[in-house]
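> Here it is, the structure, as structure tokens.
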Amino acid sequence: MEHNRGNDHNKNKKPEGERPKGGYFTPLMIALVLVLVFSWVMNAVEKSQYTETSISDFWEAMEANQLSEVEIQGDRILYMTKEEAVKDPSQQKACFTGLPHGGDTLELSRELKAMGVDVVYPIVEDNSVIMMILSYAIMIGGMFLLMNMVTRRMGGDGMMGGFGKSKAKVYMEKQTGVTFKDVAGQDEAKESLQEIIDFLHNPQKYTAIGAKLPKGALLVGSPGTGKTLLAKAVAGEADVPFFSISGSDFVEMFVGMGASRVRDLFQQAAKVAPCIIFIDEIDAVGRSRDNRFGNNSEQEQTLNQLLNEIDGFEPSKGIVCLAATNRPEILDKALLRPGRFDRRIIVDRPNLQGRLDTLKVHTRKIKLSEDVDLRKIAQATAGAVGADLANLVNEAALRAVRKGRQAVNQEDLLVSFETVIAGTEKKNTVLTDMEKRLVAYHEVGHALVAALEKHSQPVSKITIVPHTSGALGYTMQMPEEEKFLSTADELRTELKTLVGGRAAEQVVFGVQTTGASNDIQRATSLARAMVTQYGMSEKFGLMSTASVQHQYLDGQAYMDCSQEMAAEVDKEVMRILEAAYADARKILTDNRALLDEISEFLLVKETITGDELMAYVNADKKELPPAEEAAEETEA
């Protein structure tokens, strides 16, 4: 969902070119110091080219007629003796300050010339002083512009110490423009957050009875479920300023900078309280302080400062800390103890009604045709999160524009859903007749096993059109109602359906193809879960041999048993898969005529619906259109 922050956000920005009071003084002083240091260094380098001597040394060399070259520079004389010139013409000149004869350089030059000494007067232009002043002015101006740009980027207030400034000030919004009306499918989470909103509106109601509201709440859920959106909605409902910052923004390469930013963040929040501080991906800074996850002194200092700041402010000030993560298991225990982020709010994947409400929110500004049925789309998208549904609606709108329509219809939504799961159609892919027959029988094998079994989800579509995901075809099953539990019989039926494609290849052609690779991976994963997690194995019974980690991310299960037990688990998984494959082969062998008939029909039409499949399965074969008539209809 798109949210326009509007003019309120712009009010928090400084006008273009405006700096805080005294903001130009610091870079100007830095530029002046740098120019002075540069001049001092250059003067020191120039002096290092000469050897300092006394005036008596110069007179001794002059009376002994040992001078080879003399250069008079104002009140300074540079000279080289004949001995030094003979040894090394590039030898450094001797130098002394102070002129003889009371400063009469003309008389000195005459005596030296009479002795045959080369006397040099450097050319001094009339505008040399002006040129020197201009060069220094240009140098100072350039350094000032450079330091001004550096301090703007590093601190925002013209200070090199801006490293410690919190970036949350940039993201502070007086009004987020988001309310609970913009959040759908998270009724339980909104109910848990309603108390925080009421406290920010009426804190005296809680303080009068002596109650203390939790200082922090942790939003936990899978990516895309709307944790950030919920936090903004809380600030919008309470009509308070909203500070947003990511946990990674606290951690810098310089030790102590993260802790400084935490202090600055809470200082800013205290000035505009009541307000809400939202820390996204808090696991970046709140990781457990133990050796399992490595040792990071900067991260630990930042976490310690965060804990101190949360303990330091009083709940009556009206500062509420919200944080979001999808890895709660790695957070430090001190961060989750009572008095800190002790309230955990689960932002789960929406159910059927939640997905329907989410689709309604995302289609508010989308022109829909009359044939659109959002409930069917919600049924088809089981397991999808809010971000997935927003992407689906946007893809449907883009497709409607490509087709030249003024509104989005049901087909656009369904095709967009299929695009998300299988990719777009590859119209230029040409399969051989044998490959096409193999794909057709493979997909019908899946669909026929599902149609003939009791505990299976109904088939909604079968296609043998290649897609960009790599699939040469697919069979789509759409549940009639949302279920949250699966029985052992339903899972065994799903296993039979998954291996039904490979079984059809063996029954009809006696071959094995690579097209079943994804089916085999999914079937193996499901069978392993039945054995290790669900307690659905005859051999192991209720014993659990695996544990799930990162349930809000990939949710992978890791074996938690000995190597000998893991080997026995592999044998049991293989037995379950072999039993499912044998049942699938028997079903297709017993219904070989039906398998051939539906496959021939699919070869002609390339895409058939679940109703057409069930018509072959349930109705009298004589009343159905043969494959030849279907071919004529397709050509027409």
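As shown in the structure tokens, the chain order sets the letters A, B, ...; within each chain, residues go from 1, and ligands are also counted from 1 in the order they appear.
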List the neighbours of region 595-611 of chain A out to 9 Å using only C-alpha atoms; skip same-chain residues closer than 6 positions along the sequence, and give me the result as a ChimeraX atom specification.

/A:436-437,440-445,447-448,458-465,476-477,504,508,588-589,626-628,630-631,634

> Next, dump the selected residues to file, keeping only C-alpha atoms, as an mmCIF file, in the first residue's frame.


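After the write, selection_11.cif holds the following:
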```cif
data_model
loop_
_atom_site.group_PDB
_atom_site.id
_atom_site.type_symbol
_atom_site.label_atom_id
_atom_site.label_comp_id
_atom_site.auth_asym_id
_atom_site.auth_seq_id
_atom_site.Cartn_x
_atom_site.Cartn_y
_atom_site.Cartn_z
ATOM 1 C CA LYS A 436 4.386 -32.726 -24.927
ATOM 2 C CA ARG A 437 2.752 -36.137 -24.364
ATOM 3 C CA ALA A 440 0.381 -34.024 -20.445
ATOM 4 C CA TYR A 441 0.349 -37.487 -18.872
ATOM 5 C CA HIS A 442 2.497 -36.216 -15.993
ATOM 6 C CA GLU A 443 0.076 -33.407 -15.106
ATOM 7 C CA VAL A 444 -3.011 -35.565 -15.577
ATOM 8 C CA GLY A 445 -1.371 -38.127 -13.283
ATOM 9 C CA ALA A 447 -4.845 -34.374 -11.194
ATOM 10 C CA LEU A 448 -6.400 -37.835 -11.553
ATOM 11 C CA PRO A 458 -10.134 -30.128 -5.629
ATOM 12 C CA VAL A 459 -8.242 -29.450 -8.839
ATOM 13 C CA SER A 460 -8.981 -26.033 -10.350
ATOM 14 C CA LYS A 461 -6.719 -25.988 -13.418
ATOM 15 C CA ILE A 462 -4.361 -28.147 -15.485
ATOM 16 C CA THR A 463 -2.043 -26.699 -18.124
ATOM 17 C CA ILE A 464 0.853 -27.885 -20.256
ATOM 18 C CA VAL A 465 1.915 -24.396 -21.339
ATOM 19 C CA MET A 476 -3.386 -26.139 -9.513
ATOM 20 C CA GLN A 477 -5.450 -27.207 -6.522
ATOM 21 C CA ALA A 504 1.967 -41.733 -14.801
ATOM 22 C CA VAL A 508 2.305 -45.184 -19.702
ATOM 23 C CA LEU A 588 -3.523 -44.880 -12.423
ATOM 24 C CA THR A 589 -3.243 -48.489 -13.601
ATOM 25 C CA PRO A 626 -14.420 -36.349 -27.801
ATOM 26 C CA ALA A 627 -10.930 -35.008 -28.353
ATOM 27 C CA GLU A 628 -11.548 -34.561 -32.118
ATOM 28 C CA ALA A 630 -12.515 -30.255 -28.994
ATOM 29 C CA ALA A 631 -9.768 -29.853 -31.580
ATOM 30 C CA THR A 634 -10.087 -24.862 -30.735
#
```

> Excluding Gln457 (chain A) and residues on its chain fewer than 6 positions from it, collect all residues at most 10 Å away from it, counting only C-alpha atoms, and give them as a list in words.

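Residues meeting the cut-off are Ala450, Ala451, Met476, Gln477, Met478, Pro479, Glu480, Glu481, Glu490, Thr493 and Glu494 of chain A.
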
> I'd like the contact shell of region 368-373 of chain A - 9 Å cut-off, only C-alpha atoms, skipping same-chain residues fewer than 6 positions apart - returned as a ChimeraX atom specification.

/A:406-411,413

> Between CA of Thr429 (chain A) and CA of Leu414 (chain A), measure the distance and give it in Å to one decimal.

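Interatomic distance here is 22.5 Å.
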
> For a quick check of understanding, using only C-alpha atoms, which of A:Val35, A:Ala184, A:Ile245, A:Ala580 has the smallest distance to Ile140 (chain A)?

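Going through A:Val35, A:Ala184, A:Ile245, A:Ala580 one by one, the smallest distance to Ile140 (chain A) is for A:Val35.
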
> Would you kindly return, as a list in words, each protein, DNA or RNA residue with an atom no farther than 12 Å from any atom of Gln549 (chain A), considering only C-alpha atoms and excluding same-chain residues fewer than 2 positions away?

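Everything that qualifies: Asn326, Arg327, Pro328, Glu329, Ile330, Ala546, Ser547, Gln551, Tyr552, Leu553, Asp554, Gly555, Gln556, Ala557, Tyr558, Met559 and Asp560 of chain A.
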
> Please dump the current selection as a short mmCIF file (atom, residue, chain, number, x, y, z; two decimals), in the first residue's frame; keep N, CA, C and O atoms.


```cif
data_model
loop_
_atom_site.label_atom_id
_atom_site.label_comp_id
_atom_site.auth_asym_id
_atom_site.auth_seq_id
_atom_site.Cartn_x
_atom_site.Cartn_y
_atom_site.Cartn_z
N ASN A 326 11.77 -10.64 12.80
CA ASN A 326 11.30 -11.96 12.39
C ASN A 326 12.24 -13.05 12.91
O ASN A 326 12.18 -14.18 12.44
N ARG A 327 13.12 -12.68 13.86
CA ARG A 327 14.03 -13.65 14.48
C ARG A 327 14.02 -13.45 15.99
O ARG A 327 15.03 -13.08 16.59
N PRO A 328 12.90 -13.68 16.66
CA PRO A 328 12.85 -13.41 18.11
C PRO A 328 13.70 -14.36 18.93
O PRO A 328 14.08 -14.03 20.06
N GLU A 329 14.05 -15.51 18.38
CA GLU A 329 14.79 -16.49 19.17
C GLU A 329 16.24 -16.06 19.42
O GLU A 329 16.90 -16.61 20.31
N ILE A 330 16.78 -15.10 18.66
CA ILE A 330 18.17 -14.70 18.86
C ILE A 330 18.29 -13.42 19.67
O ILE A 330 19.39 -12.94 19.90
N ALA A 546 13.47 -33.75 15.26
CA ALA A 546 13.92 -32.51 14.62
C ALA A 546 13.24 -31.33 15.28
O ALA A 546 12.15 -31.46 15.86
N SER A 547 13.88 -30.18 15.21
CA SER A 547 13.33 -28.94 15.77
C SER A 547 13.37 -27.86 14.71
O SER A 547 14.29 -27.80 13.90
N GLN A 551 11.23 -19.87 12.60
CA GLN A 551 9.92 -20.22 12.10
C GLN A 551 9.27 -19.08 11.31
O GLN A 551 8.38 -19.32 10.49
N TYR A 552 9.71 -17.85 11.55
CA TYR A 552 9.13 -16.73 10.82
C TYR A 552 9.89 -16.40 9.54
O TYR A 552 9.53 -15.49 8.82
N LEU A 553 10.96 -17.14 9.27
CA LEU A 553 11.70 -16.98 8.02
C LEU A 553 11.52 -18.22 7.18
O LEU A 553 10.44 -18.49 6.67
N ASP A 554 12.56 -19.03 7.03
CA ASP A 554 12.44 -20.23 6.20
C ASP A 554 11.74 -21.36 6.93
O ASP A 554 11.13 -22.23 6.30
N GLY A 555 11.80 -21.39 8.27
CA GLY A 555 11.12 -22.43 9.03
C GLY A 555 11.71 -23.81 8.82
O GLY A 555 10.99 -24.82 8.90
N GLN A 556 13.01 -23.90 8.53
CA GLN A 556 13.62 -25.20 8.28
C GLN A 556 13.77 -25.98 9.58
O GLN A 556 13.97 -25.41 10.65
N ALA A 557 13.66 -27.29 9.44
CA ALA A 557 13.82 -28.19 10.59
C ALA A 557 15.23 -28.78 10.58
O ALA A 557 15.74 -29.17 9.53
N TYR A 558 15.84 -28.82 11.75
CA TYR A 558 17.18 -29.37 11.89
C TYR A 558 17.13 -30.60 12.79
O TYR A 558 16.48 -30.59 13.83
N MET A 559 17.83 -31.65 12.33
CA MET A 559 17.82 -32.91 13.06
C MET A 559 18.41 -32.73 14.45
O MET A 559 19.45 -32.10 14.62
N ASP A 560 17.71 -33.28 15.43
CA ASP A 560 18.12 -33.17 16.82
C ASP A 560 18.20 -34.57 17.41
O ASP A 560 17.51 -34.91 18.37
#
```

> List every residue of region 537-585 of chain A that DSSP, applied to the backbone of this structure, assigns to helix (DSSP H, G or I), and report them as a ChimeraX atom specification.

/A:563-585

> If you measure from CA of Val119 (chain A) to CA of Glu107 (chain A), what distance in Å do you get, rounded to one decimal?

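So the two atoms, CA of Val119 (chain A) and CA of Glu107 (chain A), lie 11.9 Å apart.
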
> Just want the 12 Å neighbourhood of Leu336 (chain A), counted on only C-alpha atoms, with same-chain residues fewer than 2 positions away dropped. Output as a PDB file with N, CA, C and O atoms, in the first residue's frame.


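selection_25.pdb, written as the output of this step:
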```pdb
ATOM      1  N   PRO A 214       3.331  -1.178  29.740  1.00  0.00           N
ATOM      2  CA  PRO A 214       4.645  -1.665  29.301  1.00  0.00           C
ATOM      3  C   PRO A 214       5.359  -0.623  28.444  1.00  0.00           C
ATOM      4  O   PRO A 214       4.754   0.018  27.594  1.00  0.00           O
ATOM      5  N   LYS A 215       6.660  -0.478  28.692  1.00  0.00           N
ATOM      6  CA  LYS A 215       7.419   0.535  27.964  1.00  0.00           C
ATOM      7  C   LYS A 215       7.636   0.154  26.512  1.00  0.00           C
ATOM      8  O   LYS A 215       7.846   1.019  25.662  1.00  0.00           O
ATOM      9  N   GLY A 216       7.627  -1.130  26.237  1.00  0.00           N
ATOM     10  CA  GLY A 216       7.908  -1.556  24.875  1.00  0.00           C
ATOM     11  C   GLY A 216       7.065  -2.742  24.465  1.00  0.00           C
ATOM     12  O   GLY A 216       6.633  -3.542  25.299  1.00  0.00           O
ATOM     13  N   ALA A 217       6.827  -2.848  23.167  1.00  0.00           N
ATOM     14  CA  ALA A 217       6.094  -3.987  22.603  1.00  0.00           C
ATOM     15  C   ALA A 217       6.865  -4.483  21.384  1.00  0.00           C
ATOM     16  O   ALA A 217       7.370  -3.678  20.584  1.00  0.00           O
ATOM     17  N   LEU A 218       6.973  -5.783  21.264  1.00  0.00           N
ATOM     18  CA  LEU A 218       7.735  -6.410  20.182  1.00  0.00           C
ATOM     19  C   LEU A 218       6.779  -7.019  19.172  1.00  0.00           C
ATOM     20  O   LEU A 218       5.971  -7.891  19.512  1.00  0.00           O
ATOM     21  N   ILE A 282      15.107  -5.087  14.929  1.00  0.00           N
ATOM     22  CA  ILE A 282      15.864  -4.862  16.168  1.00  0.00           C
ATOM     23  C   ILE A 282      16.876  -5.958  16.430  1.00  0.00           C
ATOM     24  O   ILE A 282      17.801  -5.789  17.236  1.00  0.00           O
ATOM     25  N   ASP A 283      16.772  -7.100  15.756  1.00  0.00           N
ATOM     26  CA  ASP A 283      17.742  -8.173  15.958  1.00  0.00           C
ATOM     27  C   ASP A 283      19.145  -7.764  15.503  1.00  0.00           C
ATOM     28  O   ASP A 283      20.130  -8.386  15.911  1.00  0.00           O
ATOM     29  N   GLY A 286      19.967  -6.020  18.870  1.00  0.00           N
ATOM     30  CA  GLY A 286      19.561  -6.711  20.090  1.00  0.00           C
ATOM     31  C   GLY A 286      19.923  -8.172  20.118  1.00  0.00           C
ATOM     32  O   GLY A 286      19.339  -8.942  20.888  1.00  0.00           O
ATOM     33  N   ARG A 287      20.903  -8.573  19.309  1.00  0.00           N
ATOM     34  CA  ARG A 287      21.325  -9.973  19.277  1.00  0.00           C
ATOM     35  C   ARG A 287      21.879 -10.413  20.629  1.00  0.00           C
ATOM     36  O   ARG A 287      22.474  -9.620  21.362  1.00  0.00           O
ATOM     37  N   SER A 288      21.660 -11.672  20.949  1.00  0.00           N
ATOM     38  CA  SER A 288      22.076 -12.199  22.248  1.00  0.00           C
ATOM     39  C   SER A 288      23.574 -12.029  22.457  1.00  0.00           C
ATOM     40  O   SER A 288      24.376 -12.263  21.546  1.00  0.00           O
ATOM     41  N   LEU A 307      19.183  -0.518  26.542  1.00  0.00           N
ATOM     42  CA  LEU A 307      18.544  -1.013  27.757  1.00  0.00           C
ATOM     43  C   LEU A 307      18.498   0.075  28.832  1.00  0.00           C
ATOM     44  O   LEU A 307      17.483   0.231  29.529  1.00  0.00           O
ATOM     45  N   ILE A 310      15.780   2.692  27.943  1.00  0.00           N
ATOM     46  CA  ILE A 310      14.420   2.197  28.178  1.00  0.00           C
ATOM     47  C   ILE A 310      14.104   2.204  29.668  1.00  0.00           C
ATOM     48  O   ILE A 310      12.997   2.553  30.093  1.00  0.00           O
ATOM     49  N   ALA A 323       9.118  -2.323  18.485  1.00  0.00           N
ATOM     50  CA  ALA A 323      10.203  -2.930  17.716  1.00  0.00           C
ATOM     51  C   ALA A 323       9.635  -4.070  16.892  1.00  0.00           C
ATOM     52  O   ALA A 323       8.601  -4.654  17.248  1.00  0.00           O
ATOM     53  N   PRO A 328      12.900 -13.677  16.659  1.00  0.00           N
ATOM     54  CA  PRO A 328      12.845 -13.414  18.109  1.00  0.00           C
ATOM     55  C   PRO A 328      13.701 -14.360  18.931  1.00  0.00           C
ATOM     56  O   PRO A 328      14.085 -14.030  20.057  1.00  0.00           O
ATOM     57  N   GLU A 329      14.048 -15.511  18.377  1.00  0.00           N
ATOM     58  CA  GLU A 329      14.794 -16.490  19.168  1.00  0.00           C
ATOM     59  C   GLU A 329      16.245 -16.064  19.421  1.00  0.00           C
ATOM     60  O   GLU A 329      16.897 -16.615  20.310  1.00  0.00           O
ATOM     61  N   ILE A 330      16.779 -15.100  18.662  1.00  0.00           N
ATOM     62  CA  ILE A 330      18.169 -14.703  18.864  1.00  0.00           C
ATOM     63  C   ILE A 330      18.287 -13.415  19.672  1.00  0.00           C
ATOM     64  O   ILE A 330      19.391 -12.936  19.896  1.00  0.00           O
ATOM     65  N   LEU A 331      17.164 -12.845  20.122  1.00  0.00           N
ATOM     66  CA  LEU A 331      17.221 -11.605  20.893  1.00  0.00           C
ATOM     67  C   LEU A 331      17.757 -11.859  22.299  1.00  0.00           C
ATOM     68  O   LEU A 331      17.558 -12.938  22.870  1.00  0.00           O
ATOM     69  N   ASP A 332      18.425 -10.854  22.833  1.00  0.00           N
ATOM     70  CA  ASP A 332      18.992 -10.965  24.172  1.00  0.00           C
ATOM     71  C   ASP A 332      17.874 -11.044  25.211  1.00  0.00           C
ATOM     72  O   ASP A 332      16.858 -10.351  25.111  1.00  0.00           O
ATOM     73  N   LYS A 333      18.071 -11.898  26.206  1.00  0.00           N
ATOM     74  CA  LYS A 333      17.053 -12.086  27.238  1.00  0.00           C
ATOM     75  C   LYS A 333      16.797 -10.804  28.031  1.00  0.00           C
ATOM     76  O   LYS A 333      15.671 -10.556  28.481  1.00  0.00           O
ATOM     77  N   ALA A 334      17.840  -9.980  28.213  1.00  0.00           N
ATOM     78  CA  ALA A 334      17.663  -8.736  28.947  1.00  0.00           C
ATOM     79  C   ALA A 334      16.730  -7.781  28.211  1.00  0.00           C
ATOM     80  O   ALA A 334      16.085  -6.941  28.828  1.00  0.00           O
ATOM     81  N   PRO A 338      10.601  -8.362  31.794  1.00  0.00           N
ATOM     82  CA  PRO A 338       9.536  -7.416  32.173  1.00  0.00           C
ATOM     83  C   PRO A 338      10.080  -6.022  32.428  1.00  0.00           C
ATOM     84  O   PRO A 338      11.123  -5.847  33.049  1.00  0.00           O
ATOM     85  N   GLY A 339       9.353  -5.030  31.941  1.00  0.00           N
ATOM     86  CA  GLY A 339       9.778  -3.651  32.060  1.00  0.00           C
ATOM     87  C   GLY A 339      10.438  -3.126  30.812  1.00  0.00           C
ATOM     88  O   GLY A 339      10.710  -1.929  30.710  1.00  0.00           O
ATOM     89  N   ARG A 340      10.713  -3.998  29.849  1.00  0.00           N
ATOM     90  CA  ARG A 340      11.296  -3.567  28.582  1.00  0.00           C
ATOM     91  C   ARG A 340      10.378  -4.024  27.452  1.00  0.00           C
ATOM     92  O   ARG A 340       9.215  -3.681  27.448  1.00  0.00           O
ATOM     93  N   PHE A 341      10.873  -4.832  26.527  1.00  0.00           N
ATOM     94  CA  PHE A 341      10.008  -5.336  25.455  1.00  0.00           C
ATOM     95  C   PHE A 341       9.361  -6.642  25.910  1.00  0.00           C
ATOM     96  O   PHE A 341       9.607  -7.714  25.359  1.00  0.00           O
ATOM     97  N   ASP A 342       8.546  -6.540  26.962  1.00  0.00           N
ATOM     98  CA  ASP A 342       7.974  -7.745  27.541  1.00  0.00           C
ATOM     99  C   ASP A 342       6.662  -8.148  26.870  1.00  0.00           C
ATOM    100  O   ASP A 342       6.185  -9.265  27.062  1.00  0.00           O
ATOM    101  N   ARG A 343       6.068  -7.282  26.121  1.00  0.00           N
ATOM    102  CA  ARG A 343       4.798  -7.610  25.455  1.00  0.00           C
ATOM    103  C   ARG A 343       5.089  -8.014  24.011  1.00  0.00           C
ATOM    104  O   ARG A 343       5.572  -7.207  23.210  1.00  0.00           O
ATOM    105  N   ARG A 344       4.818  -9.267  23.688  1.00  0.00           N
ATOM    106  CA  ARG A 344       5.070  -9.783  22.338  1.00  0.00           C
ATOM    107  C   ARG A 344       3.745  -9.866  21.572  1.00  0.00           C
ATOM    108  O   ARG A 344       2.804 -10.523  22.022  1.00  0.00           O
TER     109      ARG A 344
END
```

> Contacts between region 537-544 of chain A and region 554-626 of chain A, please, where a residue of region 554-626 of chain A counts if it comes within 12 Å (with only C-alpha atoms); show its shortest atom pair and distance in Å to one decimal, rows by chain and ascending number, as JSON lines.


```
{"residue": "A:Ala557", "atom": "CA", "partner": "A:Ser544", "partner_atom": "CA", "distance": 11.1}
{"residue": "A:Tyr558", "atom": "CA", "partner": "A:Ser544", "partner_atom": "CA", "distance": 11.1}
{"residue": "A:Met559", "atom": "CA", "partner": "A:Ser544", "partner_atom": "CA", "distance": 9.3}
{"residue": "A:Asp560", "atom": "CA", "partner": "A:Ser544", "partner_atom": "CA", "distance": 8.3}
{"residue": "A:Cys561", "atom": "CA", "partner": "A:Ser544", "partner_atom": "CA", "distance": 8.9}
{"residue": "A:Met565", "atom": "CA", "partner": "A:Phe540", "partner_atom": "CA", "distance": 10.0}
{"residue": "A:Ala566", "atom": "CA", "partner": "A:Ser544", "partner_atom": "CA", "distance": 11.4}
{"residue": "A:Glu568", "atom": "CA", "partner": "A:Lys539", "partner_atom": "CA", "distance": 9.3}
{"residue": "A:Val569", "atom": "CA", "partner": "A:Phe540", "partner_atom": "CA", "distance": 8.4}
{"residue": "A:Asp570", "atom": "CA", "partner": "A:Lys539", "partner_atom": "CA", "distance": 11.8}
{"residue": "A:Lys571", "atom": "CA", "partner": "A:Lys539", "partner_atom": "CA", "distance": 10.2}
{"residue": "A:Glu572", "atom": "CA", "partner": "A:Lys539", "partner_atom": "CA", "distance": 7.4}
{"residue": "A:Val573", "atom": "CA", "partner": "A:Ser537", "partner_atom": "CA", "distance": 8.9}
{"residue": "A:Met574", "atom": "CA", "partner": "A:Ser537", "partner_atom": "CA", "distance": 11.7}
{"residue": "A:Arg575", "atom": "CA", "partner": "A:Ser537", "partner_atom": "CA", "distance": 10.2}
{"residue": "A:Ile576", "atom": "CA", "partner": "A:Ser537", "partner_atom": "CA", "distance": 8.6}
```

> Once you have the residues from the selection above, write them out as a short mmCIF file (atom, residue, chain, number, x, y, z; two decimals), in the first residue's frame, restricted to N, CA, C and O atoms.


```
data_model
loop_
_atom_site.label_atom_id
_atom_site.label_comp_id
_atom_site.auth_asym_id
_atom_site.auth_seq_id
_atom_site.Cartn_x
_atom_site.Cartn_y
_atom_site.Cartn_z
N ALA A 557 13.66 -27.29 9.44
CA ALA A 557 13.82 -28.19 10.59
C ALA A 557 15.23 -28.78 10.58
O ALA A 557 15.74 -29.17 9.53
N TYR A 558 15.84 -28.82 11.75
CA TYR A 558 17.18 -29.37 11.89
C TYR A 558 17.13 -30.60 12.79
O TYR A 558 16.48 -30.59 13.83
N MET A 559 17.83 -31.65 12.33
CA MET A 559 17.82 -32.91 13.06
C MET A 559 18.41 -32.73 14.45
O MET A 559 19.45 -32.10 14.62
N ASP A 560 17.71 -33.28 15.43
CA ASP A 560 18.12 -33.17 16.82
C ASP A 560 18.20 -34.57 17.41
O ASP A 560 17.51 -34.91 18.37
N CYS A 561 19.06 -35.39 16.81
CA CYS A 561 19.18 -36.77 17.25
C CYS A 561 20.56 -37.29 16.84
O CYS A 561 21.34 -36.59 16.18
N MET A 565 20.14 -42.61 14.72
CA MET A 565 18.71 -42.33 14.63
C MET A 565 18.38 -41.62 13.32
O MET A 565 17.34 -41.90 12.70
N ALA A 566 19.25 -40.71 12.85
CA ALA A 566 19.01 -40.02 11.58
C ALA A 566 18.98 -41.01 10.42
O ALA A 566 18.18 -40.87 9.49
N GLU A 568 17.99 -44.14 10.63
CA GLU A 568 16.70 -44.83 10.72
C GLU A 568 15.56 -43.94 10.21
O GLU A 568 14.61 -44.43 9.58
N VAL A 569 15.67 -42.63 10.46
CA VAL A 569 14.67 -41.69 9.96
C VAL A 569 14.65 -41.71 8.43
O VAL A 569 13.59 -41.72 7.80
N ASP A 570 15.83 -41.73 7.82
CA ASP A 570 15.91 -41.77 6.35
C ASP A 570 15.24 -43.02 5.80
O ASP A 570 14.54 -42.96 4.78
N LYS A 571 15.42 -44.16 6.47
CA LYS A 571 14.79 -45.40 6.02
C LYS A 571 13.27 -45.31 6.12
O LYS A 571 12.54 -45.77 5.23
N GLU A 572 12.78 -44.69 7.20
CA GLU A 572 11.34 -44.57 7.38
C GLU A 572 10.75 -43.62 6.34
O GLU A 572 9.65 -43.86 5.80
N VAL A 573 11.45 -42.53 6.04
CA VAL A 573 10.99 -41.60 5.00
C VAL A 573 10.92 -42.31 3.67
O VAL A 573 9.95 -42.16 2.90
N MET A 574 11.92 -43.11 3.36
CA MET A 574 11.93 -43.85 2.10
C MET A 574 10.76 -44.84 2.04
O MET A 574 10.12 -45.00 1.00
N ARG A 575 10.44 -45.48 3.16
CA ARG A 575 9.33 -46.44 3.17
C ARG A 575 8.00 -45.73 2.89
O ARG A 575 7.17 -46.22 2.13
N ILE A 576 7.80 -44.57 3.51
CA ILE A 576 6.55 -43.83 3.30
C ILE A 576 6.42 -43.39 1.85
O ILE A 576 5.34 -43.48 1.25
#
```

> Which residues, written as a list of chain:residue names, have at least one atom at most 6 Å from region 174-182 of chain A, with only C-alpha atoms counted and residues fewer than 3 positions away on the same chain left out?

A:Ala233, A:Gly236, A:Glu237, A:Pro241
